[in-house]
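Reading through the C-alpha cells given below for one structure.
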Number of protein chains: 2
Amino acid sequence: MKELHILIVEDDEELAKSLQLFLNEIAQTTVSHDGFEGQMLGQEGIYDLVVLDLMLPQVNGYDILKHWRNEDHLSMPVLILTAKDTLDDKVHGFQLGADDYLTKPFHREELIMRVKALLKRSGHLGNDNQLTVGPFKVNLSNRIVSVNDKPLELNGKEFDLLVYFIQNPDTIITKDQIFDRLWGFESETAISVVEVYMSNLRKKLKKSSSLSPIKTLRNVGYMFETEALA
Amino acid sequence: MKELHILIVEDDEELAKSLQLFLNEIAQTTVSHDGFEGQMLGQEGIYDLVVLDLMLPQVNGYDILKHWRNEDHLSMPVLILTAKDTLDDKVHGFQLGADDYLTKPFHREELIMRVKALLKRSGHLGNDNQLTVGPFKVNLSNRIVSVNDKPLELNGKEFDLLVYFIQNPDTIITKDQIFDRLWGFESETAISVVEVYMSNLRKKLKKSSSLSPIKTLRNVGYMFETEALA
DNA sequence: CGAAGCAAGCATAAATTAAGCTTAAAAATT
DNA sequence: AATTTTTAAGCTTAATTTATGCTTGCTTCG
C-alpha cells in the first residue's frame, strides 16, 4: 500500500485510465468521472494532490477548485490538466489557486515530473522518497522510520498514520480524515480504532524519543506540532 | 509586501530587463547575466525564488541547479525559463530539482502566475486562512488565537464564539443567533448557556489582553466593537 | 423624586455528559 | 505460531450544561 493518495477528476474514461496507470507508480489513485462526485471526494481533505480536468459534465472544474479553496479552505496542490490552452484559461486557473497547469496533449513523463515536483514542494514527497521533519526521518520506499537517527519500529497502520501527520505538520487532521485515509470510507471498522492507533503511536514515539508532538484538539481533531520538536 | 526577493539568471539582457519589469510587481529582483555570478548569488541562500535560464555563456544552467541542490543543499523554488522545449530537457530539469519549467516564448501573465503559485506553495506568499481584527489573530486552520501575538487558549465553543464575533465586527448579534449557530435550532439545551460562554470568553480575553471588546445591548444582543481596540 | 420591584444578564461552582485514552482480549491475517 | 488488526470495556479528563445567587439598569408607584 502506497502512502500517497492522488485524486483524479477526469470525465474521459479512457484518459482517466491512463492517468491512473501513469500515476500509480508514485501513489495510490482514486478516479472520479463526475465533477460533483469529484468535488465531494476532494472535500474529504485526505488527498496529497489532485489532477483536475476543467471540462466536466454538469460542474465546471473552475468552480470545484474555487469551492475547495474558498469554502472548504483546502490547500492540497492541484494540477489542472485540460485542453483549454488560452492564456486567459491559465490565468484564471492560477488565480483560483491552481499550482500547475498542463495542457492536453501532454507527455506522460512531463506529467509525472510535474506531479512529483508539486508533491516535493508541498512536503508530501521528499528527495529519494524520504521525508524529514525535525528529528523524524521517514523512508517511504522501505517504510523505515528513525528519530534522531535511532530506528523506530512501526507496524503498517502505525507507519501510515505517522506519514499522514508528517505530511501535514501544524495542520488539524480530524479523526474522520484519518479514518477515511487509512481505512477508506466504505470500511466497516469502528472509527474508534483511530484512537487505539493514536495511543500506540504516541506510546512508541514517547518511548523512543521522549517526544509528544501530536496534540489532541478535543471535538476537532489532532495536530502534529513542529514547534514541539525543538 | 516587498520582502520577497527573486533572483533572475538570464544572459539575454533585453529579456532580463523585461523579466525584472514583470516581476518587480511582486518582489525585489536581482539580475545576473552571467552563469558563474548567478550561481554565486544563488548560493547566498537569501532568495525566495530563482528564475533560471538554461543556455548561459560558460556555465550550463543544469549544472548550476544541480550544484545548488546537491552541494549547497538549497531548497528555494527554481523556475526554469528556456527555449529548450523538448521533453528530455524538461525531464532533466525536473530531475535536477526544478519546480517549474516554462518555455520561451512565454506570456508575461503566465510567468507571473507561475511565480506566484510557487511562492505561495513554498510558504513565502500569504495564503493564510487567518482572520485579523485589531490585535486579534485567529487562524481557522489550526484554531490558534493570539492577541498582541500572545497566544490565547480557547476550547471548542469559546473559539467558535469568538470567530462568530470576529467575522461580524461592529454588528449586533442576538443571543438566538449565537445559539442557533453554535448549538443548532433543534438543540434541547437551555439558551442561557450562551451567557455562560460569553462570560468565559470575556474572562479569558480580559485576563490575557485586558481588553473588553464585547458589549452587551440589553434586550437586544451583543456587539464586538472594533473601536474599543485602539 | 427615589426606593422597591423586576427582569436581563453575569459569575461561579457543581453536576452531567461525552470525547478520548488505555488496556487486554478476540479475531483476522501472515 | 506470530503479528497485526479490531473490538470491547472501563477509566480519565475535559467540555458542556444546569443551578444558584449576584449585579445592573430599568420601571413603577408611594
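Chains: A, B, ... in order of the C-alpha cells. Residues: from 1 per chain. Ligands: from 1, in order shown.
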
Task: Distance filter 6 Å, only C-alpha atoms, chain A against chain B, as number ranges by chain - done: A: 99, 117, 171-172

At most 9 Å is the cut-off: for each residue in chain D with any atom that close to an atom of chain A, write down the nearest atom pair and the distance in Å rounded to one decimal, counting only C-alpha atoms (C1' of nucleotides), chain first then increasing number, as a Markdown table.
```
| residue | atom | partner | partner_atom | distance |
| --- | --- | --- | --- | --- |
| D:DT4 | C1' | A:Asn155 | CA | 7.6 |
| D:DT5 | C1' | A:Lys157 | CA | 9.0 |
| D:DT6 | C1' | A:Val193 | CA | 7.2 |
| D:DT7 | C1' | A:Ala190 | CA | 8.3 |
| D:DA14 | C1' | A:Arg218 | CA | 8.1 |
| D:DA15 | C1' | A:Arg218 | CA | 8.6 |
```

Export of the given selection (all heavy atoms) as a CSV table (one decimal), in the first residue's frame:
```
chain,number,residue,atom,x,y,z
D,4,DT,P,3.8,-6.6,13.5
D,4,DT,OP1,4.7,-5.9,12.6
D,4,DT,OP2,3.8,-6.4,14.9
D,4,DT,O5',2.3,-6.4,13.0
D,4,DT,C5',1.9,-6.8,11.7
D,4,DT,C4',0.4,-6.8,11.7
D,4,DT,O4',-0.1,-7.7,12.6
D,4,DT,C3',-0.2,-5.4,12.0
D,4,DT,O3',-1.0,-5.0,10.9
D,4,DT,C2',-1.1,-5.7,13.2
D,4,DT,C1',-1.4,-7.2,13.1
D,4,DT,N1,-1.7,-8.0,14.4
D,4,DT,C2,-2.9,-8.6,14.5
D,4,DT,O2,-3.7,-8.6,13.6
D,4,DT,N3,-3.1,-9.3,15.7
D,4,DT,C4,-2.2,-9.4,16.7
D,4,DT,O4,-2.5,-10.0,17.7
D,4,DT,C5,-1.0,-8.7,16.6
D,4,DT,C7,0.0,-8.7,17.7
D,4,DT,C6,-0.8,-8.0,15.4
D,5,DT,P,-1.7,-3.6,10.9
D,5,DT,OP1,-1.7,-3.2,9.5
D,5,DT,OP2,-1.1,-2.8,11.9
D,5,DT,O5',-3.1,-4.0,11.3
D,5,DT,C5',-3.9,-5.0,10.5
D,5,DT,C4',-5.2,-5.3,11.2
D,5,DT,O4',-4.9,-5.9,12.4
D,5,DT,C3',-6.0,-4.0,11.5
D,5,DT,O3',-7.3,-4.2,10.9
D,5,DT,C2',-6.1,-4.1,13.0
D,5,DT,C1',-5.9,-5.5,13.3
D,5,DT,N1,-5.4,-5.9,14.7
D,5,DT,C2,-6.1,-6.7,15.5
D,5,DT,O2,-7.2,-7.2,15.2
D,5,DT,N3,-5.5,-7.0,16.7
D,5,DT,C4,-4.3,-6.5,17.2
D,5,DT,O4,-3.9,-6.8,18.3
D,5,DT,C5,-3.6,-5.6,16.3
D,5,DT,C7,-2.3,-5.1,16.7
D,5,DT,C6,-4.2,-5.4,15.1
D,6,DT,P,-8.4,-3.1,10.9
D,6,DT,OP1,-9.2,-3.3,9.7
D,6,DT,OP2,-7.8,-1.8,11.3
D,6,DT,O5',-9.3,-3.6,12.1
D,6,DT,C5',-10.0,-4.8,12.0
D,6,DT,C4',-10.7,-5.1,13.3
D,6,DT,O4',-9.7,-5.3,14.4
D,6,DT,C3',-11.6,-4.0,13.9
D,6,DT,O3',-12.9,-4.5,13.8
D,6,DT,C2',-11.1,-3.7,15.3
D,6,DT,C1',-10.2,-5.0,15.6
D,6,DT,N1,-9.1,-4.7,16.5
D,6,DT,C2,-9.0,-5.4,17.7
D,6,DT,O2,-9.9,-6.2,18.1
D,6,DT,N3,-7.9,-5.2,18.5
D,6,DT,C4,-6.9,-4.3,18.2
D,6,DT,O4,-6.0,-4.1,19.0
D,6,DT,C5,-7.0,-3.6,16.9
D,6,DT,C7,-6.0,-2.6,16.5
D,6,DT,C6,-8.1,-3.8,16.2
D,7,DT,P,-14.2,-3.6,14.3
D,7,DT,OP1,-15.3,-4.1,13.5
D,7,DT,OP2,-13.8,-2.2,14.3
D,7,DT,O5',-14.3,-4.1,15.7
D,7,DT,C5',-14.4,-5.5,16.0
D,7,DT,C4',-14.5,-5.8,17.5
D,7,DT,O4',-13.2,-5.6,18.1
D,7,DT,C3',-15.5,-4.9,18.2
D,7,DT,O3',-16.4,-5.8,18.9
D,7,DT,C2',-14.7,-4.1,19.2
D,7,DT,C1',-13.4,-4.9,19.3
D,7,DT,N1,-12.2,-4.2,19.6
D,7,DT,C2,-11.4,-4.6,20.7
D,7,DT,O2,-11.7,-5.4,21.5
D,7,DT,N3,-10.3,-3.8,20.9
D,7,DT,C4,-9.8,-2.8,20.1
D,7,DT,O4,-8.7,-2.3,20.3
D,7,DT,C5,-10.6,-2.5,19.0
D,7,DT,C7,-10.2,-1.4,18.0
D,7,DT,C6,-11.8,-3.2,18.8
D,14,DA,P,-7.6,17.5,31.4
D,14,DA,OP1,-6.3,17.9,30.9
D,14,DA,OP2,-8.0,17.8,32.8
D,14,DA,O5',-8.7,18.1,30.4
D,14,DA,C5',-8.8,17.6,29.1
D,14,DA,C4',-10.2,17.9,28.6
D,14,DA,O4',-11.2,17.2,29.2
D,14,DA,C3',-10.6,19.4,28.8
D,14,DA,O3',-11.0,19.9,27.6
D,14,DA,C2',-11.7,19.3,29.9
D,14,DA,C1',-12.3,18.0,29.6
D,14,DA,N9,-12.9,17.4,30.7
D,14,DA,C8,-12.4,17.2,32.0
D,14,DA,N7,-13.3,16.6,32.8
D,14,DA,C5,-14.4,16.3,32.1
D,14,DA,C6,-15.6,15.7,32.3
D,14,DA,N6,-15.9,15.2,33.5
D,14,DA,N1,-16.5,15.5,31.3
D,14,DA,C2,-16.2,16.1,30.1
D,14,DA,N3,-15.0,16.7,29.7
D,14,DA,C4,-14.2,16.8,30.8
D,15,DA,P,-11.4,21.4,27.4
D,15,DA,OP1,-10.8,21.9,26.2
D,15,DA,OP2,-11.4,22.1,28.7
D,15,DA,O5',-13.0,21.2,27.0
D,15,DA,C5',-13.3,20.3,26.0
D,15,DA,C4',-14.8,20.1,26.0
D,15,DA,O4',-15.2,19.5,27.3
D,15,DA,C3',-15.6,21.4,25.9
D,15,DA,O3',-16.6,21.1,24.9
D,15,DA,C2',-16.2,21.6,27.3
D,15,DA,C1',-16.3,20.2,27.9
D,15,DA,N9,-16.2,20.0,29.3
D,15,DA,C8,-15.1,20.4,30.1
D,15,DA,N7,-15.2,20.1,31.3
D,15,DA,C5,-16.4,19.4,31.4
D,15,DA,C6,-17.1,18.8,32.5
D,15,DA,N6,-16.7,18.7,33.7
D,15,DA,N1,-18.3,18.2,32.2
D,15,DA,C2,-18.7,18.2,30.9
D,15,DA,N3,-18.2,18.8,29.8
D,15,DA,C4,-17.0,19.3,30.1
```

TODO: Extract the full set of helix (DSSP H, G or I) residues from segment 60-227 of chain A according to DSSP on the backbone, and format it as a PyMOL selection string.
DONE: chain A and resi 61-71+87-95+108-121+127-129+156-167+175-182+193-209+227

Sorted by chain and rising residue number, list the residues of chain B at most 12 Å from chain C (counting only C-alpha atoms (C1' of nucleotides)), each with its closest atom pair and distance in Å to one decimal, as JSON lines.
```
{"residue": "B:Lys175", "atom": "CA", "partner": "C:DG9", "partner_atom": "C1'", "distance": 11.2}
{"residue": "B:Ser192", "atom": "CA", "partner": "C:DG9", "partner_atom": "C1'", "distance": 9.5}
{"residue": "B:Val193", "atom": "CA", "partner": "C:DG9", "partner_atom": "C1'", "distance": 11.8}
{"residue": "B:Val194", "atom": "CA", "partner": "C:DG9", "partner_atom": "C1'", "distance": 10.6}
{"residue": "B:Glu195", "atom": "CA", "partner": "C:DG9", "partner_atom": "C1'", "distance": 7.4}
{"residue": "B:Val196", "atom": "CA", "partner": "C:DC10", "partner_atom": "C1'", "distance": 8.2}
{"residue": "B:Tyr197", "atom": "CA", "partner": "C:DC10", "partner_atom": "C1'", "distance": 10.8}
{"residue": "B:Met198", "atom": "CA", "partner": "C:DC10", "partner_atom": "C1'", "distance": 9.1}
{"residue": "B:Ser199", "atom": "CA", "partner": "C:DC10", "partner_atom": "C1'", "distance": 6.9}
{"residue": "B:Asn200", "atom": "CA", "partner": "C:DA11", "partner_atom": "C1'", "distance": 9.1}
{"residue": "B:Arg202", "atom": "CA", "partner": "C:DC10", "partner_atom": "C1'", "distance": 10.8}
{"residue": "B:Lys203", "atom": "CA", "partner": "C:DA11", "partner_atom": "C1'", "distance": 9.9}
{"residue": "B:Lys215", "atom": "CA", "partner": "C:DG9", "partner_atom": "C1'", "distance": 11.9}
{"residue": "B:Thr216", "atom": "CA", "partner": "C:DG9", "partner_atom": "C1'", "distance": 8.7}
{"residue": "B:Leu217", "atom": "CA", "partner": "C:DG9", "partner_atom": "C1'", "distance": 10.0}
{"residue": "B:Arg218", "atom": "CA", "partner": "C:DA8", "partner_atom": "C1'", "distance": 6.9}
{"residue": "B:Asn219", "atom": "CA", "partner": "C:DA8", "partner_atom": "C1'", "distance": 7.0}
{"residue": "B:Val220", "atom": "CA", "partner": "C:DA8", "partner_atom": "C1'", "distance": 10.3}
{"residue": "B:Gly221", "atom": "CA", "partner": "C:DG9", "partner_atom": "C1'", "distance": 10.6}
{"residue": "B:Tyr222", "atom": "CA", "partner": "C:DG9", "partner_atom": "C1'", "distance": 11.3}
```

TODO: Mind running a least-squares superposition of chain A onto chain B over all the C-alpha atoms, in order, and reading off the RMSD?
DONE: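 Between chain B and chain A, the C-alpha RMSD is 18.8 Å.
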
TODO: May I ask for the distance between atom CA of Glu186 of chain A and atom CA of Ile214 of chain A, given in Å to one decimal place?
DONE: 26.7 Å

TODO: Taking the DSSP assignment computed from this structure's backbone, write out as a list of chain:residue names all residues of segment 75-192 of chain A that belong to strand (DSSP E or B).
DONE: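 Strand (DSSP E or B) members of segment 75-192 of chain A, listed: A:Val78, A:Leu79, A:Ile80, A:Leu81, A:Thr82, A:Asp100, A:Tyr101, A:Leu102, A:Thr103, A:Gln130, A:Leu131, A:Thr132, A:Val133, A:Phe136, A:Lys137, A:Val138, A:Asn139, A:Ile144, A:Val145, A:Ser146, A:Val147, A:Lys150, A:Pro151, A:Leu152, A:Ile172, A:Ile173.
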
For those residues, write N, CA and C atoms to a file as a JSON list (two decimals), in the first residue's frame.
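For reference, out-v2.json as written:
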```json
[["chain", "number", "residue", "atom", "x", "y", "z"],
["A", 78, "VAL", "N", -3.06, 21.36, -6.54],
["A", 78, "VAL", "CA", -3.97, 20.99, -7.62],
["A", 78, "VAL", "C", -3.29, 21.26, -8.95],
["A", 79, "LEU", "N", -3.24, 20.23, -9.78],
["A", 79, "LEU", "CA", -2.69, 20.39, -11.13],
["A", 79, "LEU", "C", -3.86, 20.34, -12.10],
["A", 80, "ILE", "N", -4.01, 21.39, -12.85],
["A", 80, "ILE", "CA", -5.09, 21.41, -13.83],
["A", 80, "ILE", "C", -4.58, 20.79, -15.13],
["A", 81, "LEU", "N", -5.37, 19.88, -15.65],
["A", 81, "LEU", "CA", -4.99, 19.17, -16.87],
["A", 81, "LEU", "C", -6.15, 19.32, -17.83],
["A", 82, "THR", "N", -5.93, 20.05, -18.91],
["A", 82, "THR", "CA", -7.08, 20.38, -19.75],
["A", 82, "THR", "C", -6.68, 20.69, -21.18],
["A", 100, "ASP", "N", -0.37, 24.16, -10.80],
["A", 100, "ASP", "CA", 0.25, 23.96, -12.09],
["A", 100, "ASP", "C", -0.85, 23.75, -13.10],
["A", 101, "TYR", "N", -0.48, 23.93, -14.36],
["A", 101, "TYR", "CA", -1.48, 23.91, -15.42],
["A", 101, "TYR", "C", -0.83, 23.24, -16.62],
["A", 102, "LEU", "N", -1.32, 22.10, -16.99],
["A", 102, "LEU", "CA", -0.74, 21.35, -18.10],
["A", 102, "LEU", "C", -1.81, 21.15, -19.15],
["A", 103, "THR", "N", -1.45, 21.42, -20.42],
["A", 103, "THR", "CA", -2.47, 21.31, -21.46],
["A", 103, "THR", "C", -2.33, 20.01, -22.24],
["A", 130, "GLN", "N", 12.26, 10.21, 0.78],
["A", 130, "GLN", "CA", 12.49, 10.36, 2.21],
["A", 130, "GLN", "C", 11.90, 11.67, 2.71],
["A", 131, "LEU", "N", 11.14, 11.58, 3.77],
["A", 131, "LEU", "CA", 10.57, 12.78, 4.39],
["A", 131, "LEU", "C", 11.32, 13.08, 5.67],
["A", 132, "THR", "N", 11.58, 14.35, 5.88],
["A", 132, "THR", "CA", 12.27, 14.73, 7.10],
["A", 132, "THR", "C", 11.56, 15.90, 7.75],
["A", 133, "VAL", "N", 11.24, 15.75, 9.00],
["A", 133, "VAL", "CA", 10.69, 16.86, 9.77],
["A", 133, "VAL", "C", 11.33, 16.80, 11.14],
["A", 136, "PHE", "N", 12.65, 13.58, 12.78],
["A", 136, "PHE", "CA", 12.00, 12.42, 12.16],
["A", 136, "PHE", "C", 12.47, 12.20, 10.74],
["A", 137, "LYS", "N", 12.84, 10.98, 10.45],
["A", 137, "LYS", "CA", 13.14, 10.61, 9.07],
["A", 137, "LYS", "C", 12.27, 9.44, 8.69],
["A", 138, "VAL", "N", 11.55, 9.60, 7.62],
["A", 138, "VAL", "CA", 10.64, 8.55, 7.19],
["A", 138, "VAL", "C", 10.96, 8.18, 5.75],
["A", 139, "ASN", "N", 11.31, 6.95, 5.55],
["A", 139, "ASN", "CA", 11.59, 6.49, 4.19],
["A", 139, "ASN", "C", 10.38, 5.77, 3.65],
["A", 144, "ILE", "N", 10.95, 2.63, 6.61],
["A", 144, "ILE", "CA", 11.77, 2.68, 7.82],
["A", 144, "ILE", "C", 11.72, 4.08, 8.40],
["A", 145, "VAL", "N", 11.54, 4.13, 9.71],
["A", 145, "VAL", "CA", 11.44, 5.41, 10.40],
["A", 145, "VAL", "C", 12.57, 5.54, 11.40],
["A", 146, "SER", "N", 13.12, 6.73, 11.50],
["A", 146, "SER", "CA", 14.07, 6.95, 12.59],
["A", 146, "SER", "C", 13.82, 8.31, 13.21],
["A", 147, "VAL", "N", 14.12, 8.38, 14.50],
["A", 147, "VAL", "CA", 14.02, 9.64, 15.23],
["A", 147, "VAL", "C", 15.38, 9.89, 15.84],
["A", 150, "LYS", "N", 17.79, 7.20, 15.47],
["A", 150, "LYS", "CA", 17.53, 5.96, 16.19],
["A", 150, "LYS", "C", 16.34, 5.29, 15.51],
["A", 151, "PRO", "N", 16.50, 4.05, 15.09],
["A", 151, "PRO", "CA", 15.40, 3.41, 14.37],
["A", 151, "PRO", "C", 14.16, 3.24, 15.25],
["A", 152, "LEU", "N", 13.02, 3.33, 14.60],
["A", 152, "LEU", "CA", 11.76, 3.20, 15.32],
["A", 152, "LEU", "C", 10.88, 2.21, 14.57],
["A", 172, "ILE", "N", -4.61, 20.76, 11.38],
["A", 172, "ILE", "CA", -5.55, 19.89, 12.08],
["A", 172, "ILE", "C", -5.99, 18.77, 11.17],
["A", 173, "ILE", "N", -5.93, 17.56, 11.68],
["A", 173, "ILE", "CA", -6.42, 16.40, 10.95],
["A", 173, "ILE", "C", -7.52, 15.78, 11.80]]
```
